[in-house]
Each structure stands twice: as structure tokens, then as C-alpha cells.
Amino acid sequence: MIALEDVTSRLAAAGFVAAHDEAEELLDCAAGDGAVLASMLERRLRGEPLAWITGFTSFCGVRVRLDPGVYVPRWQSEPLARRAALRLPPKGSAVDLCTGSGAIAMVVQTERPNARVVATDLDEVAVNCAASNGVKVYCGDLFAPLPSGLEGRVDVVVGVVPYVPTKSMSLLPRDTFVFESTLAYDGGDDGAEILRRVIRESTLFLRAGGALILELGGDEAEILQSDLLTRGFTDVNLMVDDDGDVRGLDATFDA
Ligand SMILES: C[S@@+](CC[C@H](N)C(=O)[O-])C[C@H]1O[C@@H](n2cnc3c(N)ncnc32)[C@H](O)[C@@H]1O
């Protein structure tokens with residue numbers, strides 16, 4: 001069995017900044033099996049996401065099961081999930097679009113246990129993963145697979161949908177390309193193609209006064225201003241991170 005210090009130094013030598021923490025996680029997960037630990041370490045050294053190897057990650061303090069191939073939720077999306085929970089009445093309804101592992105839906109449901117929280121994703125592997133996390137999830141394109149009974153009744157639509165401009169995809173970290181699907185990232189020419197569709201299609205499901213909460217980047221909030229106004233959204237608040245970068249928006253549907 002490789003010792004903690006050896007795992008740490010191999011990870012550190014390969015440039016992993018949180019080498020010690022990761023080594024501890026791998027050892028925990030291997031539960032004393034030397035062969036399992038060696039294989040996990042090799043996978044990590046090849047750049048595979050840690051959460052795919054251990055099978056779990058933490059998001060807003062919630063333990064999320066992760067299957068290989070499923071987008072690993074980022075801590076940068078945590079404020080979005082919390083905002084969605086805040087805007088959801090205790091017995092309201094929420095939709096988490098492009099749910100991946102279901103992490104955002106899980107946080108919202110944890111914060112609002114009596115609410116109805118449903119989710120969708122196009123990727124069957126993600127759908128199965130979200131279902132294994134206890135999320136009520138439908139497989140299909142954006143709103144298409146949702147029950148029609150939700151039309152006009154949803155209090156919150158939240159989503160970390162793909163929003164990387166196609167031409168910027170090559171700037172993503174190397175491991176993103178090698179291991180993750182472009183389906184999770186590619187937002188079309190200006191990055192806002194799917195966001196625009198979400199704005200348009202959400203008006204069928206949101207109730208008057210309901211909230212649309214979306215992660216985005218770059219100048220996408222500006223690009224989307226006119227779409228939001230045209231579709232009846234008011235009170236558009238931008239969510240800004242500690243570096244002053246716009247990371248999301250929260251808008252109210254006025255019908
Ligand atoms: C960036 S990931 C976000 C996952 C999750 N919300 C999170 O934050 O961990 C985007 C997800 O959108 C899904 N996706 C891409 N296009 C979609 C579409 N048109 N309809 C539904 N899901 C889609 C991908 O399969 C992927 O799981």
C-alpha cells in the first residue's frame with residue numbers, strides 16, 4: 001500500500017495544487033486496498049477529475065454522487081444554487097435545466113424540502129446519475145420533457161447551461177477537453193445560443209413573478225438584455241464574483 005506522503009509527493013510533482021487533500025481522499029476511498037489505490041492514483045495523474053475517481057463531490061455542503069462522464073459541479077455555481085433556493089417559496093415548484101449530476105436540484109430540494117423540484121438533461125448518463133442522487137429528472141432537450149402540468153406554474157427556473165462560445169472552447173483547460181463532453185460547454189457562436197433559447201422557452205413555464213436564474217460569463221449578460229426585455233423579464237440583477245466578473249443573472253418574469 002502506498003503511503004500518504006508518497007501519494008502526496010507524486011501528485012505534487014505532477015503539479016496538483018491540493019496534493020495533500022487529494023491524497024487523503026484517494027486513501028480514504030481505497031479503504032486499505034493497495035491495488036485500488038494505485039489504479040486511482042494513475043487515473044488522477046492522467047488528469048481524470050478526482051470526483052469521477054472517488055465517485056463523489058461536495059456542492060454547497062451536499063454530498064453528490066458523480067459517475068464518470070458527468071460534469072463535475074463547480075464551487076463557482078454554488079451562489080446560483082443558493083439564490084434559486086432563496087427565490088423558491090417553501091411549497092413552490094422549481095426546474096433545474098441541464099442538471100448534470102443533479103447538484104443544483106439537490107441543494108434547492110435540501111433547502112426547500114416541501115417544494116417540487118424537477119430537472120432535465122439531454123445526456124442519459126447524466127440523467128441516470130441525477131436520478132441516483134434522488135433527483136426527479138427527465139431526459140431531453142431543455143424544457144421539452146417536462147410535464148405540461150407545470151406550464152405557467154413554475155416559481156424558479158435555474159440553470160448552468162452550456163455558455164462557452166464555440167471559438168473559445170480551445171481555451172478551456174486541457175483536461176476539460178480530454179475528459180469532459182463538449183455538450184456540457186458549447187454555447188454556440190457567441191456563447192449565448194442556449195441561454196437565448198432558455199429565456200424564450202422559460203416563459204411557457206414560469207408563473208408571473210417567477211424567477212429565471214442563469215449562470216453565464218463574459219459579456220453574455222449584456223448580449224441577453226434585449227431578449228430578456230422582449231420576453232417580459234424585469235428586475236434583472238447581475239451576480240458578480242469576488243473578482244468583479246459577472247457570473248450570473250436573476251430576472252423576474254412579469255408575463
Ligand atoms: C455545464 S453542465 C452543468 C451541469 C450542472 N447544472 C452543474 O452545474 O453541475 C451542462 C449540462 O447541460 C447538459 N445539456 C447540454 N445541452 C443540453 C440541452 N439542450 N438540454 C438539456 N441538457 C443539455 C449537458 O449534458 C450537461 O450535463
# chains A, B, ... in the order shown; residues from 1 in each chain; ligands from 1
>>> residues_near_ligand(ligand="ligand 1", cutoff="7 Å", atoms="only C-alpha atoms and all ligand atoms", output="PyMOL selection string")
chain A and resi 70-74+77+97-104+120-123+126+140-142+159-162+183-185+194
>>> select_by_dssp(residues="region 22-207 of chain A", states="strand (DSSP E)", output="CSV table (one decimal) with C-alpha atoms, in the first residue's frame")
chain,number,residue,atom,x,y,z
A,56,PHE,CA,-18.4,11.8,-5.0
A,57,THR,CA,-18.0,15.6,-4.6
A,58,SER,CA,-19.4,18.2,-2.3
A,59,PHE,CA,-21.6,21.1,-3.5
A,62,VAL,CA,-24.3,18.4,-0.1
A,63,ARG,CA,-22.7,15.1,-1.0
A,64,VAL,CA,-23.2,14.5,-4.7
A,65,ARG,CA,-22.6,11.2,-6.4
A,93,SER,CA,-42.0,24.5,-7.9
A,94,ALA,CA,-38.5,24.7,-9.4
A,95,VAL,CA,-36.9,23.4,-12.6
A,96,ASP,CA,-33.1,22.8,-12.8
A,97,LEU,CA,-32.2,22.8,-16.5
A,116,ARG,CA,-41.5,20.3,-6.0
A,117,VAL,CA,-38.0,20.3,-7.7
A,118,VAL,CA,-37.6,18.7,-11.1
A,119,ALA,CA,-34.7,18.7,-13.6
A,120,THR,CA,-33.8,17.9,-17.2
A,121,ASP,CA,-30.7,16.9,-19.1
A,136,LYS,CA,-36.8,13.8,-10.2
A,137,VAL,CA,-35.1,14.1,-13.6
A,138,TYR,CA,-36.4,13.9,-17.2
A,139,CYS,CA,-34.2,13.1,-20.2
A,154,VAL,CA,-43.1,27.3,-12.0
A,155,ASP,CA,-41.6,29.7,-9.4
A,156,VAL,CA,-38.0,29.2,-10.3
A,157,VAL,CA,-36.1,28.2,-13.4
A,158,VAL,CA,-32.4,27.7,-12.7
A,159,GLY,CA,-29.6,26.5,-15.0
A,206,LEU,CA,-42.8,30.4,-15.3
A,207,ARG,CA,-45.7,31.9,-13.4
>>> select_by_dssp(residues="region 14-214 of chain A", states="helix (DSSP H, G or I)", output="VMD selection string")
chain A and resid 19 to 30 34 to 45 50 to 54 75 to 87 103 to 111 124 to 132 148 to 150 166 to 171 174 to 179 182 to 184 193 to 205
>>> residues_around(residues="Asp235 (chain A)", least_positions_apart="4", cutoff="9 Å", atoms="only C-alpha atoms", output="list in words")
Asp250, Ala251, Thr252 and Phe253 of chain A
>>> residues_around(residues="Arg231 (chain A)", least_positions_apart="5", cutoff="8 Å", atoms="only C-alpha atoms", output="PyMOL selection string")
chain A and resi 199-200+203+255
>>> residues_around(residues="Val125 (chain A)", least_positions_apart="2", cutoff="8 Å", atoms="only C-alpha atoms", output="ChimeraX atom specification")
/A:67,69-70,123,127-129
>>> write_last_selection(atoms="C-alpha atoms", output="tab-separated table (two decimals), in the first residue's frame")
chain	number	residue	atom	x	y	z
A	67	ASP	CA	-20.41	8.99	-12.42
A	69	GLY	CA	-18.52	11.35	-17.85
A	70	VAL	CA	-20.85	13.57	-15.84
A	123	ASP	CA	-27.37	13.22	-21.67
A	127	VAL	CA	-29.85	11.69	-16.14
A	128	ASN	CA	-29.05	8.32	-14.55
A	129	CYS	CA	-26.53	9.98	-12.24
>>> closest_residue(among="A:Ala38, A:Pro147, A:Gln225, A:Gly244", to="Asp6 (chain A)", atoms="only C-alpha atoms")
A:Ala38
>>> atom_distance(atom1="CA of Gly210 (chain A)", atom2="CA of Asp245 (chain A)")
25.3 Å
>>> closest_residue(among="A:Ala14, A:Ala144, A:Ala84, A:Leu4", to="Leu26 (chain A)", atoms="only C-alpha atoms")
A:Leu4
>>> closest_residue(among="A:Phe233, A:Leu80, A:Met1, A:Ser170", to="Ala208 (chain A)", atoms="only C-alpha atoms")
A:Phe233
